[in-house]
Every structure is written in C-alpha cells, then in structure tokens.
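A.B. asks: Just dropping this structure here.
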Amino acid sequence: MKVFINIKSLLQTRTKPELVVKGREMKNLPCIDHAWMSVKDGLIERFGSMEDYQPEAFSNYEIIDISGSFILPTWVDSHTHLVFAEWRNQEFEDRINGMTYHEIAERGGGILNSARKLGEMSEDYLYHSAFSRLNGLIEQGTGAIEIKSGYGLSLESELKMLRVIKRLKENSPIPIKATFLGAHAFPESYKNKEDQYIDEIINTMLPEVSKYNLAEYIDAFCETGYFSVEQTERILKAGANYGLKPKVHVNQFNAIGGIKTSVVNNAISVDHLEVVNEEDISFLKKSSTIAVALPSCSFFLEIPYTPAIKLMESDIAIALATDFNPGSTPSGNMNFIFSLACIKMKMTPEQAVNAMTINGAAAMELSDHYGAIAEGFAANFIVTKPINSLSYLPYAFGENHIQSVYIKGEKFKA
C-alpha cells in the first residue's frame, strides 16, 4: 500500500470513467493540481487535493513525496509488431541512397524480408528478444500493448509468432492483446496466386489460430499492391466466424475503400489513415470505430501525417500508437509519439494524452480498467521528473522525462 503526496498535477483523473473521448472533447484533460493518490492491491484506491489529504487515514501506507512531479496513466500502445527476427537497417541505408519503400518491397525486402528471417529463428530466440524489447518499452512508460503477427506468412511461422505473443502475455506484467495478421503481404510462393493465399488464411490458418486461442483480433494490410478491399472483407468476415474482431491497416498510401469495409465489419479500430477522404470521414463519424494514427511511421518513411485535427473536428475518436516494427518504425517510444503528435500533427498536449491513454485503451477494449486515473483502475502510471507543465513533455523531445513507472502499484524494474 502506498500513498503519493505533493503531486504537482495528477492527470487524466476520471470520477466517472469515459470509455472513449471523441473529437472536440479531446481538448479536455481533467486533472488535480497539488494532489495525492493512494494505491492498494495493484489498483488505484483514492485520490484528491492535498487540501483534503488526511495523513491519519494512511498510517500503514508507504508515503512517497514526489514534489514537483506529475503523475499520469501509462501509455497504451494499440498497434505494434513487437515480435520480429532481426532489424532491417540495411533497408534504412537503401532508402538513404534513394530507394523507395515500394522499390525495396518489390525486390524482396520489406515484410517478405522479415518473414524469411523469422522462419529461420527459433521460438525461444523470438520470445527472449521480444521480451527484452517489451521491458524497454515499459521503462519508457508503456503500460498496455497490442502485438501483431504477420512476419510469418505461413501456417507454421504465423502460429510460431502467435505462440510467442501468448508467452509474452503469460509472463509480462502489463496486459497484451494479440492480433492475427496473416494478411500482411503475399508470400513469394503465392505470386500470381493471391486467391489461393486468401484460402490458406481462411481455411488453414484461422482454424488453428482459433483452436489454440492465440488471438483476439484479425487484421489485413488493405492497400494498393497488398490486399484489396474485396480480399480484406473476405478475411474480416472469416475472422468474425471465429470470434476475432477487426483492427485493420488502411489508407497508409492510398484511399481505396478500406475504411468503409472496416466500419461495415465492425472494426474496433482502423490504423494508419495518412490519406483520408470525405467518404472515409463520413463512415468513421457514424461509427464507434477508433482512428489510430501512427506518426513515427510518417516520420520515418517521410509520408503525410494522419490529419488528426480534421478527424477530431468531425467528432471522431483518435488514438496514437507506435507501429513499432523493424522496417517502417524501428521505435516503440510513446514519448516520441507524444512529441510528433504535437509538433507535426498540431494536436494539443491534452488531445495527445487522451489519444495515448483512454482512446488507446479503447482501441484495445481495455478502457474499463486502463488509460485513466480512476478508482478501481489498474495502478499503472508514470511519475515524471520535476517539470513545470504538461507541455514540457512533448516540447523537450530529446530528453527522458520519466522518473519512474509503476505497474500494478509497484515500481517497475526490468
């Protein structure tokens, strides 16, 4: 049992927790200045203003004075590819020398490169390397995470990835959700036989994923040169038959109707959205689907950023995630996402925090217990170093502002 006192500002305080914060409401970030907060049994117990703090009520608690520091919920990263075989820094050099993302993919690089390497790696190697990366992300403030397969592209390798994610779930102190992304790219062996690979996903992979309860979600890379709208819809409908809910890659380079198909198929989220048209906005506005922006992918690939302001003005819920992967986003640092959202996407710090906490949790169906400072919620929170304002966090983007991360009420140590 612990009680934190003299908190400079306690952020994202919800007495009646919101499951999602939409559009213009995202400007509002409730907080208590000069606050206290108690935690018990891994949960947030109570909190309030220091004016109302009664020391005698906490005589058996460890007292932690954090004068000058802020407390806010840990980040929720709802889109990652954390399990992979090797980094792809050679492709980074190729891009520096003038090759495009598409050119690298066409010569057998990109996702296919990762799939080849992953097929050669043992399950234990994949697990231990991913677990090390996961611990590093927790140290940077991530308190819940989604992880996709998709670097297998065969029954054996996709199941291997999903088993690794399951092991991570079992051994990680933070909640993890798994997404089956067999439809990440077409394997080289299925060139000019795309429908046969769709059949493989639906008739061979999905039954095995379901049999061993290896995923909560299903995904597809709905994009020109990858999976068409029609192919994506087939996969989403097949996934629904096995209880897998859609979380879909859409509109990274082109708007081809993937958002409409995702919404019609009750997608929890649509992710990327660097290119968005009025029809896309219309469908999102009428739905409960969350738009997940991945700004560090835009930064790394030098492509447009998701038009967050336009989406919020249309009363759409925005979440922010890393897209951590070895090809297009080799960083899972949510603090950098915070800075990019403010600097490049022109989100206010308050909007960005809502997108990285409550709405990130909603994009993983965790917002009833994560993403806010609320009584009975998981005591997963960040204690900052002493800072003068919330805006200093995204402003001074080259510094580490985290003093400590608490998971289930205990200071995290990797």
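So you can find residues: chains in the structure tokens are A, B, ... in the order shown, residues in each start at 1, and ligands are numbered from 1 in order.
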Extract, using only C-alpha atoms, all DNA, RNA and protein residues at most 8 Å from stretch 245-255 of chain A, discarding same-chain residues fewer than 4 positions from it, and format them as a list of chain:residue names.
C.D. replies: A:Thr179, A:Glu216, A:Tyr217, A:Ile218, A:Asp219, A:Ala220, A:Phe221, A:Cys222, A:Glu223, A:Thr224, A:Leu236, A:Gly239, A:Ala240, A:Ile259, A:Ser262, A:Asn265, A:Asn266, A:Ala267, A:Ile268, A:Ser269, A:Val270, A:Asp271, A:His272, A:Leu273, A:Glu274, A:Val275, A:Val276, A:Asn277
A.B. asks: Excluding stretch 109-120 of chain A and its own-chain neighbours fewer than 3 positions away, which residues fall within 7 Å of it when counting only C-alpha atoms? Please give them as a PDB file with C-alpha atoms, in the first residue's frame.
C.D. replies:
ATOM      1  CA  PHE A  84      10.336  -9.967 -35.222  1.00  0.00           C
ATOM      2  CA  ALA A  85      13.536 -11.766 -36.127  1.00  0.00           C
ATOM      3  CA  ILE A 104      12.561  -2.227 -51.521  1.00  0.00           C
ATOM      4  CA  ALA A 105       9.450  -4.405 -51.173  1.00  0.00           C
ATOM      5  CA  GLU A 106       9.405  -5.248 -54.889  1.00  0.00           C
ATOM      6  CA  TYR A 151       6.007 -11.742 -40.316  1.00  0.00           C
ATOM      7  CA  GLY A 152       5.281 -15.439 -40.735  1.00  0.00           C
ATOM      8  CA  LEU A 153       3.073 -15.618 -43.849  1.00  0.00           C
ATOM      9  CA  SER A 157       5.500 -19.293 -38.837  1.00  0.00           C
ATOM     10  CA  ALA A 185       1.726  -9.407 -47.552  1.00  0.00           C
ATOM     11  CA  PRO A 187       4.358 -14.727 -49.806  1.00  0.00           C
ATOM     12  CA  GLY A 327      11.025  -1.827 -41.365  1.00  0.00           C
TER      13      GLY A 327
END
A.B. asks: Give the helix (DSSP H, G or I) residues of stretch 105-301 of chain A, as DSSP finds them on the backbone, and put them as a PyMOL selection string.
C.D. replies: chain A and resi 105-106+110-120+123-139+155-171+188-190+194-211+229-241+258-264+278-285+295-301
A.B. asks: Tell me which protein, DNA and RNA residues are within 8 Å of A:Asn359, counting only C-alpha atoms, leaving out same-chain ones fewer than 2 positions away, and put them as a PDB file with N, CA and C atoms, in the first residue's frame.
C.D. replies:
ATOM      1  N   LEU A  19     -15.250   5.650 -21.563  1.00  0.00           N
ATOM      2  CA  LEU A  19     -14.709   4.534 -22.323  1.00  0.00           C
ATOM      3  C   LEU A  19     -13.966   5.006 -23.557  1.00  0.00           C
ATOM      4  N   VAL A  20     -14.304   6.205 -24.039  1.00  0.00           N
ATOM      5  CA  VAL A  20     -13.626   6.798 -25.184  1.00  0.00           C
ATOM      6  C   VAL A  20     -13.909   8.291 -25.158  1.00  0.00           C
ATOM      7  N   VAL A  21     -12.981   9.084 -25.676  1.00  0.00           N
ATOM      8  CA  VAL A  21     -13.168  10.536 -25.744  1.00  0.00           C
ATOM      9  C   VAL A  21     -13.126  10.933 -27.210  1.00  0.00           C
ATOM     10  N   ILE A 290     -12.404   3.429 -33.876  1.00  0.00           N
ATOM     11  CA  ILE A 290     -11.392   4.413 -33.472  1.00  0.00           C
ATOM     12  C   ILE A 290     -10.342   4.549 -34.563  1.00  0.00           C
ATOM     13  N   ALA A 317     -13.036   9.753 -32.732  1.00  0.00           N
ATOM     14  CA  ALA A 317     -12.072   9.439 -31.670  1.00  0.00           C
ATOM     15  C   ALA A 317     -10.737   9.050 -32.295  1.00  0.00           C
ATOM     16  N   ILE A 318      -9.678   9.695 -31.829  1.00  0.00           N
ATOM     17  CA  ILE A 318      -8.318   9.439 -32.317  1.00  0.00           C
ATOM     18  C   ILE A 318      -7.507   8.764 -31.216  1.00  0.00           C
ATOM     19  N   ALA A 319      -6.771   7.733 -31.574  1.00  0.00           N
ATOM     20  CA  ALA A 319      -5.759   7.160 -30.700  1.00  0.00           C
ATOM     21  C   ALA A 319      -4.401   7.313 -31.375  1.00  0.00           C
ATOM     22  N   ASN A 354      -5.007  12.227 -24.206  1.00  0.00           N
ATOM     23  CA  ASN A 354      -6.242  11.455 -24.348  1.00  0.00           C
ATOM     24  C   ASN A 354      -6.087  10.364 -25.400  1.00  0.00           C
ATOM     25  N   ALA A 355      -5.420  10.688 -26.501  1.00  0.00           N
ATOM     26  CA  ALA A 355      -5.228   9.721 -27.585  1.00  0.00           C
ATOM     27  C   ALA A 355      -4.310   8.579 -27.178  1.00  0.00           C
ATOM     28  N   MET A 356      -3.375   8.832 -26.263  1.00  0.00           N
ATOM     29  CA  MET A 356      -2.374   7.843 -25.870  1.00  0.00           C
ATOM     30  C   MET A 356      -2.764   7.064 -24.617  1.00  0.00           C
ATOM     31  N   THR A 357      -3.869   7.446 -24.003  1.00  0.00           N
ATOM     32  CA  THR A 357      -4.294   6.764 -22.776  1.00  0.00           C
ATOM     33  C   THR A 357      -5.704   6.193 -22.955  1.00  0.00           C
ATOM     34  N   ALA A 361      -6.550   2.752 -24.954  1.00  0.00           N
ATOM     35  CA  ALA A 361      -7.166   1.632 -24.238  1.00  0.00           C
ATOM     36  C   ALA A 361      -8.450   1.187 -24.929  1.00  0.00           C
ATOM     37  N   ALA A 362      -9.225   2.138 -25.430  1.00  0.00           N
ATOM     38  CA  ALA A 362     -10.453   1.784 -26.143  1.00  0.00           C
ATOM     39  C   ALA A 362     -10.144   0.991 -27.410  1.00  0.00           C
ATOM     40  N   ALA A 363      -9.047   1.322 -28.079  1.00  0.00           N
ATOM     41  CA  ALA A 363      -8.654   0.599 -29.294  1.00  0.00           C
ATOM     42  C   ALA A 363      -8.162  -0.809 -28.995  1.00  0.00           C
ATOM     43  N   SER A 367     -10.520  -0.001 -21.865  1.00  0.00           N
ATOM     44  CA  SER A 367     -10.744   1.296 -21.215  1.00  0.00           C
ATOM     45  C   SER A 367     -11.645   1.224 -19.992  1.00  0.00           C
ATOM     46  N   GLY A 371      -5.934   3.324 -18.787  1.00  0.00           N
ATOM     47  CA  GLY A 371      -5.994   4.557 -19.551  1.00  0.00           C
ATOM     48  C   GLY A 371      -6.446   5.777 -18.788  1.00  0.00           C
TER      49      GLY A 371
END
A.B. asks: Here is a test: counting only C-alpha atoms, which residue of A:Ala414, A:Ala378, A:Ile32, A:Ala372 is nearest to A:Phe131?
C.D. replies: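 Once distances to A:Phe131 are computed over only C-alpha atoms, the minimum belongs to A:Ala414.
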A.B. asks: Just the residues within 12 Å of A:Lys191, please, counting only C-alpha atoms, with nothing from its chain fewer than 5 positions along; format it as number ranges by chain.
C.D. replies: A: 106, 108, 185-186, 196-197, 225-226
A.B. asks: Take the residues from that selection and put them in a file with C-alpha atoms, as a PDB file, in the first residue's frame.
C.D. replies:
ATOM      1  CA  GLU A 106       9.405  -5.248 -54.889  1.00  0.00           C
ATOM      2  CA  GLY A 108      12.053  -8.946 -51.908  1.00  0.00           C
ATOM      3  CA  ALA A 185       1.726  -9.407 -47.552  1.00  0.00           C
ATOM      4  CA  PHE A 186       1.563 -12.144 -50.169  1.00  0.00           C
ATOM      5  CA  GLN A 196      -5.033 -19.318 -53.040  1.00  0.00           C
ATOM      6  CA  TYR A 197      -3.264 -17.476 -50.212  1.00  0.00           C
ATOM      7  CA  GLY A 225      -0.178  -3.715 -54.004  1.00  0.00           C
ATOM      8  CA  TYR A 226      -1.165  -5.684 -50.905  1.00  0.00           C
TER       9      TYR A 226
END
A.B. asks: Find the residues near A:Ser404: any atom within 7 Å, counting only C-alpha atoms, skip ones fewer than 2 places away on the same chain, and give them as a compact mmCIF listing (two decimals) with C-alpha atoms, in the first residue's frame.
C.D. replies:
# COMPACT_ATOMS: atom_id res chain seq x y z
CA ILE A 382 4.10 7.33 -14.85
CA VAL A 383 5.85 9.59 -12.36
CA THR A 384 7.65 12.32 -14.27
CA ILE A 402 10.26 9.74 -16.70
CA TYR A 406 4.60 1.88 -11.68
CA LYS A 411 7.92 0.44 -9.29
A.B. asks: For stretch 346-352 of chain A, find every residue with an atom within 7 Å (counting only C-alpha atoms), except residues of its own chain fewer than 3 positions away, and show them as a PDB file with C-alpha atoms, in the first residue's frame.
C.D. replies:
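Output (result29.pdb):
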ATOM      1  CA  MET A  26     -10.334  15.505 -26.572  1.00  0.00           C
ATOM      2  CA  LYS A  27      -9.199  19.021 -25.666  1.00  0.00           C
ATOM      3  CA  ASN A  28     -10.363  18.396 -22.110  1.00  0.00           C
ATOM      4  CA  LEU A  29      -7.931  16.620 -19.810  1.00  0.00           C
ATOM      5  CA  ILE A 309      -7.352  17.894 -36.477  1.00  0.00           C
ATOM      6  CA  PHE A 338       3.670  12.488 -27.951  1.00  0.00           C
ATOM      7  CA  ALA A 341       1.573  14.441 -32.387  1.00  0.00           C
ATOM      8  CA  CYS A 342       2.066  17.955 -31.060  1.00  0.00           C
ATOM      9  CA  ILE A 343       4.825  19.137 -33.411  1.00  0.00           C
ATOM     10  CA  ALA A 355      -5.228   9.721 -27.585  1.00  0.00           C
ATOM     11  CA  MET A 356      -2.374   7.843 -25.870  1.00  0.00           C
ATOM     12  CA  LEU A 390       2.463  19.198 -19.275  1.00  0.00           C
ATOM     13  CA  SER A 391       3.615  20.862 -22.493  1.00  0.00           C
TER      14      SER A 391
END
A.B. asks: Give the strand (DSSP E) residues of stretch 111-307 of chain A, as DSSP finds them on the backbone, and put them as a PyMOL selection string.
C.D. replies: chain A and resi 142-148+176-183+217-222+245-250+269-272+290-293
A.B. asks: Would you mind exporting N, CA and C atoms of the selected residues as a JSON list (two decimals), in the first residue's frame?
C.D. replies:
[["chain", "number", "residue", "atom", "x", "y", "z"],
["A", 142, "THR", "N", 5.11, 2.57, -21.31],
["A", 142, "THR", "CA", 4.00, 1.82, -21.90],
["A", 142, "THR", "C", 3.46, 0.82, -20.88],
["A", 143, "GLY", "N", 2.15, 0.88, -20.63],
["A", 143, "GLY", "CA", 1.53, 0.04, -19.62],
["A", 143, "GLY", "C", 0.51, -0.94, -20.14],
["A", 144, "ALA", "N", 0.30, -0.98, -21.46],
["A", 144, "ALA", "CA", -0.55, -1.97, -22.12],
["A", 144, "ALA", "C", -0.18, -1.93, -23.60],
["A", 145, "ILE", "N", -0.24, -3.09, -24.27],
["A", 145, "ILE", "CA", 0.28, -3.12, -25.63],
["A", 145, "ILE", "C", -0.44, -4.18, -26.46],
["A", 146, "GLU", "N", -0.61, -3.89, -27.74],
["A", 146, "GLU", "CA", -1.10, -4.85, -28.73],
["A", 146, "GLU", "C", 0.08, -5.30, -29.57],
["A", 147, "ILE", "N", 0.10, -6.60, -29.92],
["A", 147, "ILE", "CA", 1.18, -7.14, -30.74],
["A", 147, "ILE", "C", 0.57, -7.98, -31.87],
["A", 148, "LYS", "N", 1.04, -7.75, -33.09],
["A", 148, "LYS", "CA", 0.54, -8.45, -34.26],
["A", 148, "LYS", "C", 1.49, -9.55, -34.71],
["A", 176, "ILE", "N", -1.49, -7.57, -22.63],
["A", 176, "ILE", "CA", -1.12, -7.68, -24.04],
["A", 176, "ILE", "C", -2.31, -8.25, -24.79],
["A", 177, "LYS", "N", -2.64, -7.66, -25.94],
["A", 177, "LYS", "CA", -3.64, -8.20, -26.84],
["A", 177, "LYS", "C", -2.93, -8.66, -28.12],
["A", 178, "ALA", "N", -3.40, -9.79, -28.67],
["A", 178, "ALA", "CA", -2.77, -10.38, -29.85],
["A", 178, "ALA", "C", -3.67, -10.23, -31.07],
["A", 179, "THR", "N", -3.05, -9.90, -32.20],
["A", 179, "THR", "CA", -3.75, -9.74, -33.47],
["A", 179, "THR", "C", -3.14, -10.66, -34.51],
["A", 180, "PHE", "N", -4.00, -11.43, -35.18],
["A", 180, "PHE", "CA", -3.56, -12.30, -36.27],
["A", 180, "PHE", "C", -3.52, -11.50, -37.57],
["A", 181, "LEU", "N", -2.32, -11.35, -38.14],
["A", 181, "LEU", "CA", -2.11, -10.56, -39.34],
["A", 181, "LEU", "C", -1.47, -11.42, -40.43],
["A", 182, "GLY", "N", -2.09, -12.57, -40.70],
["A", 182, "GLY", "CA", -1.59, -13.39, -41.80],
["A", 182, "GLY", "C", -1.65, -12.66, -43.12],
["A", 183, "ALA", "N", -2.58, -11.71, -43.24],
["A", 183, "ALA", "CA", -2.75, -10.91, -44.46],
["A", 183, "ALA", "C", -1.93, -9.62, -44.39],
["A", 217, "TYR", "N", -7.88, -10.46, -32.15],
["A", 217, "TYR", "CA", -8.22, -9.61, -33.29],
["A", 217, "TYR", "C", -7.69, -10.20, -34.60],
["A", 218, "ILE", "N", -8.26, -9.71, -35.70],
["A", 218, "ILE", "CA", -7.77, -10.05, -37.02],
["A", 218, "ILE", "C", -7.49, -8.76, -37.79],
["A", 219, "ASP", "N", -6.47, -8.79, -38.64],
["A", 219, "ASP", "CA", -6.01, -7.59, -39.33],
["A", 219, "ASP", "C", -5.67, -7.98, -40.77],
["A", 220, "ALA", "N", -5.64, -6.99, -41.64],
["A", 220, "ALA", "CA", -5.17, -7.14, -43.01],
["A", 220, "ALA", "C", -4.60, -5.81, -43.47],
["A", 221, "PHE", "N", -3.58, -5.87, -44.31],
["A", 221, "PHE", "CA", -2.97, -4.66, -44.87],
["A", 221, "PHE", "C", -3.75, -4.33, -46.14],
["A", 222, "CYS", "N", -4.80, -3.52, -45.98],
["A", 222, "CYS", "CA", -5.67, -3.15, -47.09],
["A", 222, "CYS", "C", -5.05, -1.96, -47.81],
["A", 245, "LYS", "N", -12.15, -9.97, -33.78],
["A", 245, "LYS", "CA", -12.65, -8.64, -34.16],
["A", 245, "LYS", "C", -11.61, -7.92, -35.02],
["A", 246, "PRO", "N", -12.06, -7.11, -35.98],
["A", 246, "PRO", "CA", -11.12, -6.45, -36.88],
["A", 246, "PRO", "C", -10.40, -5.25, -36.25],
["A", 247, "LYS", "N", -9.10, -5.18, -36.50],
["A", 247, "LYS", "CA", -8.27, -3.99, -36.31],
["A", 247, "LYS", "C", -7.43, -3.91, -37.58],
["A", 248, "VAL", "N", -7.67, -2.92, -38.44],
["A", 248, "VAL", "CA", -7.24, -3.04, -39.83],
["A", 248, "VAL", "C", -6.27, -1.93, -40.25],
["A", 249, "HIS", "N", -5.19, -2.34, -40.97],
["A", 249, "HIS", "CA", -4.29, -1.41, -41.63],
["A", 249, "HIS", "C", -5.03, -0.81, -42.85],
["A", 250, "VAL", "N", -5.25, 0.48, -42.87],
["A", 250, "VAL", "CA", -5.92, 1.11, -44.01],
["A", 250, "VAL", "C", -5.31, 2.48, -44.32],
["A", 269, "SER", "N", -10.81, -0.75, -34.58],
["A", 269, "SER", "CA", -10.01, 0.41, -35.00],
["A", 269, "SER", "C", -9.59, 0.27, -36.45],
["A", 270, "VAL", "N", -9.31, 1.40, -37.06],
["A", 270, "VAL", "CA", -8.65, 1.47, -38.37],
["A", 270, "VAL", "C", -7.36, 2.25, -38.15],
["A", 271, "ASP", "N", -6.25, 1.71, -38.63],
["A", 271, "ASP", "CA", -4.94, 2.20, -38.25],
["A", 271, "ASP", "C", -4.12, 2.66, -39.46],
["A", 272, "HIS", "N", -3.46, 3.76, -39.31],
["A", 272, "HIS", "CA", -2.63, 4.49, -40.28],
["A", 272, "HIS", "C", -3.36, 5.76, -40.69],
["A", 290, "ILE", "N", -12.40, 3.43, -33.88],
["A", 290, "ILE", "CA", -11.39, 4.41, -33.47],
["A", 290, "ILE", "C", -10.34, 4.55, -34.56],
["A", 291, "ALA", "N", -9.98, 5.78, -34.86],
["A", 291, "ALA", "CA", -8.94, 6.07, -35.86],
["A", 291, "ALA", "C", -7.59, 6.12, -35.14],
["A", 292, "VAL", "N", -6.69, 5.21, -35.47],
["A", 292, "VAL", "CA", -5.39, 5.13, -34.81],
["A", 292, "VAL", "C", -4.32, 5.71, -35.73],
["A", 293, "ALA", "N", -3.71, 6.78, -35.28],
["A", 293, "ALA", "CA", -2.64, 7.43, -36.04],
["A", 293, "ALA", "C", -1.28, 6.89, -35.58]]
A.B. asks: Identify which of the residues A:Met37, A:His79, A:Leu284, A:Gly332 lies closest to A:Met312, counting only C-alpha atoms when measuring atom-to-atom distances.
C.D. replies: A:Leu284
A.B. asks: Figure out the distance between atom CA of A:Tyr305 and atom CA of A:Glu279, please, to one decimal in Å.
C.D. replies: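 Rounded to one decimal, the two atoms are 18.4 Å apart.
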A.B. asks: So how many Å separate atom CA of A:Ile387 and atom CA of A:Gln403, to one decimal?
C.D. replies: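 So the two atoms, atom CA of A:Ile387 and atom CA of A:Gln403, lie 10.7 Å apart.
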